[in-house]
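Structure file query-v3.cif (mmCIF, C-alpha atoms) follows.
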```cif
data_data
loop_
_atom_site.label_atom_id
_atom_site.label_comp_id
_atom_site.auth_asym_id
_atom_site.auth_seq_id
_atom_site.Cartn_x
_atom_site.Cartn_y
_atom_site.Cartn_z
CA MET Z 11 130.29 65.01 85.51
CA LYS Z 12 129.79 66.96 88.73
CA LYS Z 13 128.08 69.81 86.87
CA SER Z 14 125.62 67.47 85.13
CA GLY Z 15 124.81 65.82 88.45
CA ILE Z 16 124.06 69.20 90.04
CA ILE Z 17 121.84 70.21 87.10
CA LEU Z 18 119.86 66.99 87.40
CA LEU Z 19 119.57 67.38 91.18
CA VAL Z 20 118.28 70.95 90.81
CA GLY Z 21 115.87 69.67 88.13
CA ALA Z 22 114.56 66.94 90.42
CA PHE Z 23 114.11 69.47 93.21
CA LEU Z 24 112.22 71.87 90.89
CA CYS Z 25 110.05 69.00 89.66
CA ALA Z 26 109.15 67.92 93.20
CA ALA Z 27 108.55 71.52 94.34
CA ALA Z 28 106.29 72.24 91.35
CA PHE Z 29 104.37 68.99 91.95
CA LEU Z 30 103.80 69.76 95.62
CA GLY Z 31 102.96 73.41 94.98
CA PHE Z 32 100.37 72.66 92.32
CA TYR Z 33 98.94 69.77 94.33
CA TYR Z 34 98.65 71.94 97.42
CA ALA Z 35 97.02 74.80 95.51
CA GLY Z 36 94.73 72.43 93.60
CA THR Z 37 93.41 70.73 96.74
CA ALA Z 38 92.94 73.96 98.71
CA SER Z 39 89.17 73.89 98.11
CA CYS Z 40 88.95 70.37 99.57
CA ARG Z 41 90.78 71.45 102.71
CA ALA Z 42 88.53 74.50 103.04
CA MET Z 43 85.42 72.27 102.78
CA MET Z 44 86.81 69.90 105.39
CA ARG Z 45 87.25 72.77 107.81
CA ASP Z 46 83.52 73.51 107.57
CA ALA Z 47 81.27 72.06 110.29
CA GLN Z 48 79.22 70.29 107.59
CA PRO Z 49 81.52 69.49 104.66
CA GLU Z 50 78.66 68.11 102.54
CA LEU Z 51 76.86 71.47 102.75
CA ALA Z 52 80.12 73.26 101.98
CA TRP Z 53 80.31 71.10 98.87
CA LEU Z 54 76.74 72.13 97.98
CA LYS Z 55 77.75 75.76 98.36
CA LYS Z 56 80.67 75.30 96.00
CA GLU Z 57 78.84 73.11 93.48
CA PHE Z 58 75.80 75.38 93.21
CA LYS Z 59 77.77 78.62 93.57
CA LEU Z 60 75.87 79.93 96.59
CA SER Z 61 76.50 83.22 98.36
CA ASP Z 62 77.10 83.31 102.11
CA THR Z 63 73.49 84.43 102.72
CA GLU Z 64 72.09 81.62 100.58
CA TYR Z 65 74.39 79.17 102.28
CA ALA Z 66 73.28 80.30 105.75
CA ARG Z 67 69.63 79.83 104.74
CA LEU Z 68 70.34 76.43 103.25
CA THR Z 69 72.14 75.36 106.45
CA ARG Z 70 69.13 76.39 108.54
CA LEU Z 71 66.77 74.45 106.27
CA HIS Z 72 69.02 71.40 106.41
CA GLU Z 73 69.31 71.50 110.18
CA ALA Z 74 65.55 71.85 110.55
CA TYR Z 75 64.90 68.95 108.19
CA LEU Z 76 67.33 66.41 109.65
CA PRO Z 77 65.59 65.72 113.04
CA GLN Z 78 62.22 65.15 111.29
CA CYS Z 79 63.90 62.91 108.72
CA THR Z 80 65.56 60.89 111.50
CA GLN Z 81 62.20 60.45 113.24
CA ARG Z 82 60.60 59.14 110.05
CA CYS Z 83 63.55 56.84 109.52
CA MET Z 84 63.08 55.42 113.00
CA ARG Z 85 59.39 54.90 112.30
CA ILE Z 86 60.13 53.00 109.10
CA THR Z 87 62.82 50.93 110.84
CA GLU Z 88 60.37 50.04 113.58
CA GLN Z 89 57.70 49.08 111.03
CA ASN Z 90 60.25 46.96 109.17
CA ARG Z 91 61.13 45.19 112.40
CA GLN Z 92 57.47 44.51 113.23
CA LEU Z 93 56.87 43.22 109.73
CA GLN Z 94 59.84 40.87 109.97
CA GLN Z 95 58.47 39.49 113.24
CA LEU Z 96 55.01 38.94 111.79
CA LEU Z 97 56.38 37.37 108.62
CA ALA Z 98 58.55 34.99 110.62
CA ASN Z 99 55.45 33.37 112.18
CA ALA Z 100 52.95 33.84 109.37
CA ALA Z 101 51.69 31.18 107.03
CA THR Z 102 49.23 33.52 105.30
CA VAL Z 103 48.92 37.26 104.74
CA SER Z 104 46.97 38.11 107.88
CA PRO Z 105 44.95 41.34 108.24
CA GLU Z 106 47.58 42.49 110.72
CA ILE Z 107 50.32 42.11 108.08
CA GLN Z 108 48.16 43.88 105.51
CA ASN Z 109 47.58 46.75 107.92
CA LEU Z 110 51.25 47.04 108.70
CA LEU Z 111 52.17 47.01 105.01
CA ALA Z 112 49.66 49.76 104.34
CA GLU Z 113 50.92 51.77 107.28
CA ARG Z 114 54.51 51.40 106.17
CA ALA Z 115 53.63 52.43 102.62
CA LYS Z 116 51.88 55.49 104.07
CA THR Z 117 54.94 56.38 106.15
CA ARG Z 118 57.17 55.99 103.11
CA ALA Z 119 54.91 58.15 100.97
CA GLU Z 120 54.85 60.78 103.72
CA CYS Z 121 58.62 60.56 103.95
CA GLU Z 122 59.08 61.03 100.23
CA ALA Z 123 56.64 63.95 100.17
CA GLU Z 124 58.49 65.66 103.04
CA MET Z 125 61.78 65.05 101.30
CA LEU Z 126 60.49 66.57 98.08
CA LYS Z 127 59.16 69.58 100.02
CA HIS Z 128 62.58 70.03 101.57
CA PHE Z 129 64.31 69.83 98.20
CA ILE Z 130 61.97 72.43 96.76
CA GLU Z 131 62.60 74.72 99.73
CA VAL Z 132 66.35 74.28 99.32
CA SER Z 133 66.12 74.95 95.59
CA ARG Z 134 64.24 78.17 96.35
CA ALA Z 135 67.08 79.26 98.61
CA MET Z 136 69.34 79.15 95.57
CA PRO Z 137 69.52 81.38 92.50
CA PRO Z 138 66.79 80.17 90.07
CA GLU Z 139 69.10 78.49 87.58
CA GLN Z 140 71.12 76.71 90.26
CA GLY Z 141 67.93 75.78 92.09
CA HIS Z 142 66.60 74.10 88.99
CA ARG Z 143 69.88 72.26 88.51
CA TYR Z 144 69.86 71.19 92.18
CA LEU Z 145 66.32 69.81 91.93
CA GLU Z 146 67.15 67.81 88.83
CA TRP Z 147 70.29 66.42 90.40
CA VAL Z 148 68.85 65.58 93.80
CA GLU Z 149 65.78 63.88 92.34
CA GLN Z 150 68.06 61.66 90.29
CA GLN Z 151 70.22 60.78 93.28
CA THR Z 152 67.51 59.94 95.79
CA CYS Z 153 64.66 57.44 95.99
CA LEU Z 154 62.48 59.99 94.21
CA ASN Z 155 63.81 58.71 90.89
CA GLY Z 156 61.71 55.58 91.58
CA LEU Z 157 64.37 53.23 90.30
CA GLU Z 158 64.78 51.16 93.46
CA MET Z 159 61.92 48.81 92.63
CA GLU Z 160 63.09 48.39 89.05
CA LYS Z 161 66.62 47.66 90.21
CA ARG Z 162 65.36 44.96 92.53
CA HIS Z 163 63.25 43.42 89.80
CA SER Z 164 66.12 43.37 87.33
CA MET Z 165 68.37 41.80 89.97
CA ALA Z 166 65.73 39.18 90.76
CA GLN Z 167 65.40 38.28 87.09
CA SER Z 168 69.13 37.75 86.67
CA PRO Z 169 70.36 36.24 89.93
CA HIS Z 170 73.57 34.88 88.40
CA MET Z 171 74.75 38.13 86.90
CA MET Y 6 158.65 21.68 85.42
CA LYS Y 7 157.47 19.06 87.89
CA THR Y 8 157.77 15.45 86.70
CA ASN Y 9 154.96 13.06 87.26
CA PRO Y 10 155.95 10.20 89.56
CA ASP Y 11 153.07 7.95 88.34
CA PRO Y 12 154.25 5.72 85.46
CA GLU Y 13 150.68 5.44 84.04
CA GLN Y 14 150.40 9.20 83.85
CA ASP Y 15 153.79 9.32 82.18
CA ALA Y 16 152.59 6.93 79.53
CA LEU Y 17 149.44 8.97 78.98
CA GLN Y 18 151.44 12.16 78.61
CA ARG Y 19 153.69 10.48 76.08
CA VAL Y 20 150.75 9.16 74.04
CA LEU Y 21 149.05 12.55 74.07
CA GLY Y 22 152.28 14.17 72.97
CA GLU Y 23 152.62 11.83 70.04
CA TRP Y 24 148.92 12.16 69.03
CA GLN Y 25 148.41 14.08 65.84
CA VAL Y 26 145.04 15.32 64.58
CA LYS Y 27 144.61 14.19 61.04
CA THR Y 28 141.11 15.61 60.44
CA PRO Y 29 141.38 18.92 58.54
CA LEU Y 30 139.82 22.07 60.09
CA PRO Y 31 136.65 23.42 58.47
CA PRO Y 32 137.22 26.13 55.86
CA ARG Y 33 137.86 29.68 57.29
CA PHE Y 34 137.91 28.24 60.80
CA GLU Y 35 140.31 30.79 62.22
CA GLU Y 36 138.45 33.71 60.68
CA GLN Y 37 135.16 32.48 62.17
CA VAL Y 38 136.70 32.16 65.62
CA TRP Y 39 137.95 35.76 65.54
CA SER Y 40 134.61 36.95 64.20
CA ARG Y 41 132.75 35.32 67.10
CA ILE Y 42 135.18 36.81 69.61
CA SER Y 43 134.68 40.32 68.21
CA GLN Y 44 130.89 39.87 68.19
CA ALA Y 45 130.91 38.84 71.85
CA GLU Y 46 133.05 41.85 72.73
CA SER Y 47 130.85 44.35 70.92
CA ARG Y 48 127.51 42.99 72.30
CA PRO Y 49 125.93 45.81 74.39
CA THR Y 50 125.15 45.08 78.04
CA VAL Y 51 122.79 46.96 80.37
CA GLY Y 52 125.76 48.48 82.18
CA SER Y 53 127.40 49.68 79.01
CA GLY Y 54 124.06 51.09 77.75
CA LEU Y 55 123.54 53.09 80.94
CA ARG Y 56 127.10 54.32 80.84
CA LEU Y 57 126.65 55.42 77.26
CA LEU Y 58 123.41 57.20 78.19
CA TRP Y 59 125.02 58.96 81.13
CA LEU Y 60 127.94 60.04 78.96
CA SER Y 61 125.69 61.42 76.26
CA LEU Y 62 123.58 63.18 78.92
CA GLN Y 63 126.68 64.75 80.41
CA HIS Y 64 127.76 65.81 76.98
CA ALA Y 65 124.35 67.37 76.25
CA LEU Y 66 124.04 69.10 79.63
CA ALA Y 67 127.37 70.80 79.08
CA ARG Y 68 125.51 73.12 76.69
CA PRO Y 69 123.65 75.86 78.62
CA GLN Y 70 120.61 75.82 76.30
CA VAL Y 71 120.10 72.09 76.88
CA ALA Y 72 120.62 72.48 80.62
CA TYR Y 73 118.00 75.26 80.87
CA ALA Y 74 115.60 73.36 78.66
CA THR Y 75 115.97 70.27 80.87
CA LEU Y 76 115.27 72.28 84.00
CA ALA Y 77 112.23 73.90 82.39
CA MET Y 78 110.93 70.52 81.24
CA LEU Y 79 111.28 69.03 84.72
CA LEU Y 80 109.52 72.07 86.21
CA VAL Y 81 106.62 71.80 83.76
CA ALA Y 82 106.40 68.03 84.29
CA GLY Y 83 106.17 68.55 88.05
CA ALA Y 84 103.49 71.23 87.63
CA LEU Y 85 101.43 69.06 85.27
CA GLY Y 86 101.76 66.04 87.55
CA GLY Y 87 100.74 68.08 90.60
CA SER Y 88 97.72 69.56 88.81
CA TRP Y 89 96.62 66.15 87.57
CA ALA Y 90 96.95 64.58 91.02
CA ALA Y 91 95.08 67.50 92.63
CA ARG Y 92 92.25 67.32 90.09
CA ARG Y 93 91.92 63.59 90.64
CA GLN Y 94 91.91 64.01 94.42
CA THR Y 95 89.37 66.85 94.25
CA THR Y 96 87.03 64.87 91.98
CA GLN Y 97 87.10 61.88 94.35
CA PHE Y 98 86.62 64.09 97.37
CA GLU Y 99 83.68 65.97 95.85
CA ALA Y 100 82.04 62.72 94.77
CA ALA Y 101 82.33 61.47 98.35
CA LEU Y 102 80.81 64.67 99.73
CA SER Y 103 77.91 64.63 97.27
CA SER Y 104 77.12 61.03 98.30
CA ARG Y 105 77.32 62.09 101.91
CA TYR Y 106 74.82 64.90 101.29
CA VAL Y 107 72.41 62.55 99.52
CA GLN Y 108 72.74 60.02 102.34
CA SER Y 109 71.96 62.72 104.88
CA VAL Y 110 68.67 63.73 103.21
CA ASP Y 111 67.43 60.46 101.73
CA PRO Y 112 66.03 58.12 104.39
CA TYR Y 113 66.43 55.14 102.09
CA GLN Y 114 70.16 55.71 101.87
CA LYS Y 115 70.75 56.20 105.56
CA ALA Y 116 72.86 53.53 107.25
CA GLY Y 117 70.84 50.59 108.49
CA MET Y 118 67.74 51.48 106.47
CA ASN Y 119 66.31 48.88 104.18
CA PRO Y 120 63.55 50.32 102.02
#
```
Could you show the structure in this file as structure tokens?
Amino acid sequence: MKKSGIILLVGAFLCAAAFLGFYYAGTASCRAMMRDAQPELAWLKKEFKLSDTEYARLTRLHEAYLPQCTQRCMRITEQNRQLQQLLANAATVSPEIQNLLAERAKTRAECEAEMLKHFIEVSRAMPPEQGHRYLEWVEQQTCLNGLEMEKRHSMAQSPHM
Amino acid sequence: MKTNPDPEQDALQRVLGEWQVKTPLPPRFEEQVWSRISQAESRPTVGSGLRLLWLSLQHALARPQVAYATLAMLLVAGALGGSWAARRQTTQFEAALSSRYVQSVDPYQKAGMNP
């Protein structure tokens, strides 16, 4: 009885040790990404198999893009706020509202164009095949896929779904 | 034996002692009683099942081949479990990072932005 108990104990220990060992080794890449200053870029490096040089270039592009993107975001937020104010007191679509809508649409278009430029630049910093894959992926994930409006329309048509 | 001081009880005891059952027992009554007793005794319980399992496990583990095979199986099970858990964790983590990247570059997905 004692011998069987020892065998099972050793088995349980081996099982736990193997589980922890494989788990630790399998999640090593996650821990390495988390140690990076920008884990999302570290993920990009891993996903699109970038070299250190390509990664450094991509990081520079990303860091240069973010402040401009934030500025445009603030502009759009401000325009949204102004529009909300005007709409709260408006009974008709005044010329001021029309102007603001046009201005906001222009800012959005500019924003999307800048975003696309950035994506193209990033894709060029990658090996051609990976760059192509990146462009396809990122265009699907962002507002450039143009699905936002359709989503809203489909939600509006089926409010009880 | 202690005698009952109550005369009513005495009378009852006497009547019960004189009472004879005239109704005949059903056929094979005794045999059926013993059969039910043996069935109740042989009915497996959870405790007896576990004990039986433990005994058969002990018996099996006494053979070195079975003991080594058990250890190897537990080792492989642990390795497979660890790999599966790591893959699941990595997939979730990478999905979270890819969303984070998209949120960082897409103004419409930034927090507080309503397109």
Take the PyMOL selection byres ((chain Z) within 7 of (chain Y)), apply it to the structure above, and return the hits as a PyMOL selection string. chain Z and resi 11+14+17+21-22+24-26+28-30+32-33+36-37+40+49-50+53+79+83+87+151-153
Requested write-out: C-alpha atoms of the selected residues, as a CSV table (one decimal), in the frame of the given file:
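Saved file part.csv follows:
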```csv
chain,number,residue,atom,x,y,z
Z,11,MET,CA,130.3,65.0,85.5
Z,14,SER,CA,125.6,67.5,85.1
Z,17,ILE,CA,121.8,70.2,87.1
Z,21,GLY,CA,115.9,69.7,88.1
Z,22,ALA,CA,114.6,66.9,90.4
Z,24,LEU,CA,112.2,71.9,90.9
Z,25,CYS,CA,110.0,69.0,89.7
Z,26,ALA,CA,109.2,67.9,93.2
Z,28,ALA,CA,106.3,72.2,91.4
Z,29,PHE,CA,104.4,69.0,92.0
Z,30,LEU,CA,103.8,69.8,95.6
Z,32,PHE,CA,100.4,72.7,92.3
Z,33,TYR,CA,98.9,69.8,94.3
Z,36,GLY,CA,94.7,72.4,93.6
Z,37,THR,CA,93.4,70.7,96.7
Z,40,CYS,CA,89.0,70.4,99.6
Z,49,PRO,CA,81.5,69.5,104.7
Z,50,GLU,CA,78.7,68.1,102.5
Z,53,TRP,CA,80.3,71.1,98.9
Z,79,CYS,CA,63.9,62.9,108.7
Z,83,CYS,CA,63.6,56.8,109.5
Z,87,THR,CA,62.8,50.9,110.8
Z,151,GLN,CA,70.2,60.8,93.3
Z,152,THR,CA,67.5,59.9,95.8
Z,153,CYS,CA,64.7,57.4,96.0
```
Distance CA of Leu17 in chain Y-CA of Val38 in chain Y, one decimal place?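 If I compute the distance from CA of Leu17 in chain Y to CA of Val38 in chain Y, I get 29.6 Å.
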Using only C-alpha atoms, determine which residues lie at most 7 Å from range 104-121 of chain Z, disregarding the query and same-chain residues fewer than 4 positions distant; provide the list as a compact mmCIF listing (two decimals) with C-alpha atoms, in the frame of the given file.
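So out_31.txt came out as:
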```txt
# COMPACT_ATOMS: atom_id res chain seq x y z
CA ARG Z 82 60.60 59.14 110.05
CA ILE Z 86 60.13 53.00 109.10
CA GLN Z 89 57.70 49.08 111.03
CA LEU Z 93 56.87 43.22 109.73
CA LEU Z 96 55.01 38.94 111.79
CA MET Z 125 61.78 65.05 101.30
```
Go ahead and compute the interatomic distance for CA of Leu76 in chain Z and CA of Ala38 in chain Z, in Å to one decimal.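 CA of Leu76 in chain Z sits 28.9 Å away from CA of Ala38 in chain Z.
Between CA of Met44 in chain Z and CA of Pro138 in chain Z the interatomic distance comes to 27.2 Å.
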Each side padded by 3 Å, which centre and which edge lengths in Å (one decimal) define the axis-aligned box around the listed atoms of range 8-25 of chain Y? Give them as lines of an AutoDock Vina configuration file.
```
center_x = 153.1
center_y = 10.4
center_z = 77.7
size_x = 15.4
size_y = 16.0
size_z = 29.7
```
Quick one: residues within 9 Å of Leu145 in chain Z, only C-alpha atoms, excluding same-chain residues fewer than 6 positions away - as an mmCIF file with C-alpha atoms, keeping the file's coordinate frame?
```
data_model
loop_
_atom_site.group_PDB
_atom_site.id
_atom_site.type_symbol
_atom_site.label_atom_id
_atom_site.label_comp_id
_atom_site.auth_asym_id
_atom_site.auth_seq_id
_atom_site.Cartn_x
_atom_site.Cartn_y
_atom_site.Cartn_z
ATOM 1 C CA PHE Z 129 64.310 69.830 98.200
ATOM 2 C CA ILE Z 130 61.970 72.430 96.760
ATOM 3 C CA VAL Z 132 66.350 74.280 99.320
ATOM 4 C CA SER Z 133 66.120 74.950 95.590
#
```
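Evaluated on this file, the PyMOL selection byres ((chain Z and resi 137) around 10) matches Phe58, Lys59, Leu60, Ser61, Glu64, Ser133, Arg134, Ala135, Met136, Pro138, Glu139, Gln140, Gly141, His142 and Arg143 of chain Z.
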Quick one: range 53-77 of chain Y with N, CA, C and O atoms, as a PDB file, in the coordinates of the input?
```
ATOM      1  N   SER Y  53     126.757  48.838  80.034  1.00  0.00           N
ATOM      2  CA  SER Y  53     127.400  49.680  79.010  1.00  0.00           C
ATOM      3  C   SER Y  53     126.393  50.646  78.401  1.00  0.00           C
ATOM      4  O   SER Y  53     126.730  51.786  78.084  1.00  0.00           O
ATOM      5  N   GLY Y  54     125.119  50.213  78.284  1.00  0.00           N
ATOM      6  CA  GLY Y  54     124.060  51.090  77.750  1.00  0.00           C
ATOM      7  C   GLY Y  54     123.832  52.279  78.658  1.00  0.00           C
ATOM      8  O   GLY Y  54     123.737  53.424  78.200  1.00  0.00           O
ATOM      9  N   LEU Y  55     123.774  52.012  79.963  1.00  0.00           N
ATOM     10  CA  LEU Y  55     123.540  53.090  80.940  1.00  0.00           C
ATOM     11  C   LEU Y  55     124.717  54.076  80.943  1.00  0.00           C
ATOM     12  O   LEU Y  55     124.525  55.289  81.020  1.00  0.00           O
ATOM     13  N   ARG Y  56     125.902  53.477  80.846  1.00  0.00           N
ATOM     14  CA  ARG Y  56     127.100  54.320  80.840  1.00  0.00           C
ATOM     15  C   ARG Y  56     127.096  55.245  79.619  1.00  0.00           C
ATOM     16  O   ARG Y  56     127.377  56.444  79.725  1.00  0.00           O
ATOM     17  N   LEU Y  57     126.710  54.647  78.499  1.00  0.00           N
ATOM     18  CA  LEU Y  57     126.650  55.420  77.260  1.00  0.00           C
ATOM     19  C   LEU Y  57     125.619  56.553  77.381  1.00  0.00           C
ATOM     20  O   LEU Y  57     125.857  57.691  76.985  1.00  0.00           O
ATOM     21  N   LEU Y  58     124.484  56.207  78.003  1.00  0.00           N
ATOM     22  CA  LEU Y  58     123.410  57.200  78.190  1.00  0.00           C
ATOM     23  C   LEU Y  58     123.887  58.350  79.080  1.00  0.00           C
ATOM     24  O   LEU Y  58     123.668  59.528  78.796  1.00  0.00           O
ATOM     25  N   TRP Y  59     124.526  57.956  80.175  1.00  0.00           N
ATOM     26  CA  TRP Y  59     125.020  58.960  81.130  1.00  0.00           C
ATOM     27  C   TRP Y  59     126.048  59.876  80.462  1.00  0.00           C
ATOM     28  O   TRP Y  59     126.021  61.091  80.648  1.00  0.00           O
ATOM     29  N   LEU Y  60     126.920  59.247  79.641  1.00  0.00           N
ATOM     30  CA  LEU Y  60     127.940  60.040  78.960  1.00  0.00           C
ATOM     31  C   LEU Y  60     127.320  61.019  77.968  1.00  0.00           C
ATOM     32  O   LEU Y  60     127.697  62.192  77.915  1.00  0.00           O
ATOM     33  N   SER Y  61     126.318  60.531  77.238  1.00  0.00           N
ATOM     34  CA  SER Y  61     125.690  61.420  76.260  1.00  0.00           C
ATOM     35  C   SER Y  61     124.886  62.523  76.964  1.00  0.00           C
ATOM     36  O   SER Y  61     124.819  63.662  76.488  1.00  0.00           O
ATOM     37  N   LEU Y  62     124.316  62.177  78.128  1.00  0.00           N
ATOM     38  CA  LEU Y  62     123.580  63.180  78.920  1.00  0.00           C
ATOM     39  C   LEU Y  62     124.532  64.259  79.428  1.00  0.00           C
ATOM     40  O   LEU Y  62     124.243  65.464  79.338  1.00  0.00           O
ATOM     41  N   GLN Y  63     125.666  63.802  79.913  1.00  0.00           N
ATOM     42  CA  GLN Y  63     126.680  64.750  80.410  1.00  0.00           C
ATOM     43  C   GLN Y  63     127.120  65.681  79.282  1.00  0.00           C
ATOM     44  O   GLN Y  63     127.238  66.889  79.468  1.00  0.00           O
ATOM     45  N   HIS Y  64     127.321  65.056  78.133  1.00  0.00           N
ATOM     46  CA  HIS Y  64     127.760  65.810  76.980  1.00  0.00           C
ATOM     47  C   HIS Y  64     126.712  66.870  76.596  1.00  0.00           C
ATOM     48  O   HIS Y  64     127.035  68.034  76.341  1.00  0.00           O
ATOM     49  N   ALA Y  65     125.439  66.451  76.625  1.00  0.00           N
ATOM     50  CA  ALA Y  65     124.350  67.370  76.250  1.00  0.00           C
ATOM     51  C   ALA Y  65     124.188  68.484  77.277  1.00  0.00           C
ATOM     52  O   ALA Y  65     123.987  69.640  76.932  1.00  0.00           O
ATOM     53  N   LEU Y  66     124.262  68.108  78.562  1.00  0.00           N
ATOM     54  CA  LEU Y  66     124.040  69.100  79.630  1.00  0.00           C
ATOM     55  C   LEU Y  66     125.177  70.125  79.728  1.00  0.00           C
ATOM     56  O   LEU Y  66     125.030  71.144  80.403  1.00  0.00           O
ATOM     57  N   ALA Y  67     126.268  69.846  79.071  1.00  0.00           N
ATOM     58  CA  ALA Y  67     127.370  70.800  79.080  1.00  0.00           C
ATOM     59  C   ALA Y  67     126.984  72.064  78.320  1.00  0.00           C
ATOM     60  O   ALA Y  67     127.521  73.139  78.569  1.00  0.00           O
ATOM     61  N   ARG Y  68     125.985  71.937  77.430  1.00  0.00           N
ATOM     62  CA  ARG Y  68     125.510  73.120  76.690  1.00  0.00           C
ATOM     63  C   ARG Y  68     124.440  73.831  77.516  1.00  0.00           C
ATOM     64  O   ARG Y  68     123.462  73.197  77.928  1.00  0.00           O
ATOM     65  N   PRO Y  69     124.605  75.136  77.754  1.00  0.00           N
ATOM     66  CA  PRO Y  69     123.650  75.860  78.620  1.00  0.00           C
ATOM     67  C   PRO Y  69     122.202  75.773  78.154  1.00  0.00           C
ATOM     68  O   PRO Y  69     121.300  75.617  78.966  1.00  0.00           O
ATOM     69  N   GLN Y  70     121.993  75.855  76.816  1.00  0.00           N
ATOM     70  CA  GLN Y  70     120.610  75.820  76.300  1.00  0.00           C
ATOM     71  C   GLN Y  70     119.925  74.508  76.701  1.00  0.00           C
ATOM     72  O   GLN Y  70     118.778  74.500  77.157  1.00  0.00           O
ATOM     73  N   VAL Y  71     120.673  73.410  76.549  1.00  0.00           N
ATOM     74  CA  VAL Y  71     120.100  72.090  76.880  1.00  0.00           C
ATOM     75  C   VAL Y  71     119.848  72.001  78.386  1.00  0.00           C
ATOM     76  O   VAL Y  71     118.813  71.482  78.821  1.00  0.00           O
ATOM     77  N   ALA Y  72     120.779  72.530  79.160  1.00  0.00           N
ATOM     78  CA  ALA Y  72     120.620  72.480  80.620  1.00  0.00           C
ATOM     79  C   ALA Y  72     119.375  73.251  81.053  1.00  0.00           C
ATOM     80  O   ALA Y  72     118.550  72.745  81.822  1.00  0.00           O
ATOM     81  N   TYR Y  73     119.188  74.456  80.508  1.00  0.00           N
ATOM     82  CA  TYR Y  73     118.000  75.260  80.870  1.00  0.00           C
ATOM     83  C   TYR Y  73     116.719  74.586  80.395  1.00  0.00           C
ATOM     84  O   TYR Y  73     115.711  74.570  81.102  1.00  0.00           O
ATOM     85  N   ALA Y  74     116.790  74.025  79.199  1.00  0.00           N
ATOM     86  CA  ALA Y  74     115.600  73.360  78.660  1.00  0.00           C
ATOM     87  C   ALA Y  74     115.230  72.156  79.524  1.00  0.00           C
ATOM     88  O   ALA Y  74     114.043  71.905  79.804  1.00  0.00           O
ATOM     89  N   THR Y  75     116.237  71.428  80.000  1.00  0.00           N
ATOM     90  CA  THR Y  75     115.970  70.270  80.870  1.00  0.00           C
ATOM     91  C   THR Y  75     115.308  70.709  82.163  1.00  0.00           C
ATOM     92  O   THR Y  75     114.322  70.109  82.617  1.00  0.00           O
ATOM     93  N   LEU Y  76     115.852  71.780  82.747  1.00  0.00           N
ATOM     94  CA  LEU Y  76     115.270  72.280  84.000  1.00  0.00           C
ATOM     95  C   LEU Y  76     113.821  72.721  83.786  1.00  0.00           C
ATOM     96  O   LEU Y  76     112.938  72.428  84.596  1.00  0.00           O
ATOM     97  N   ALA Y  77     113.597  73.420  82.677  1.00  0.00           N
ATOM     98  CA  ALA Y  77     112.230  73.900  82.390  1.00  0.00           C
ATOM     99  C   ALA Y  77     111.287  72.722  82.183  1.00  0.00           C
ATOM    100  O   ALA Y  77     110.151  72.727  82.675  1.00  0.00           O
TER     101      ALA Y  77
END
```
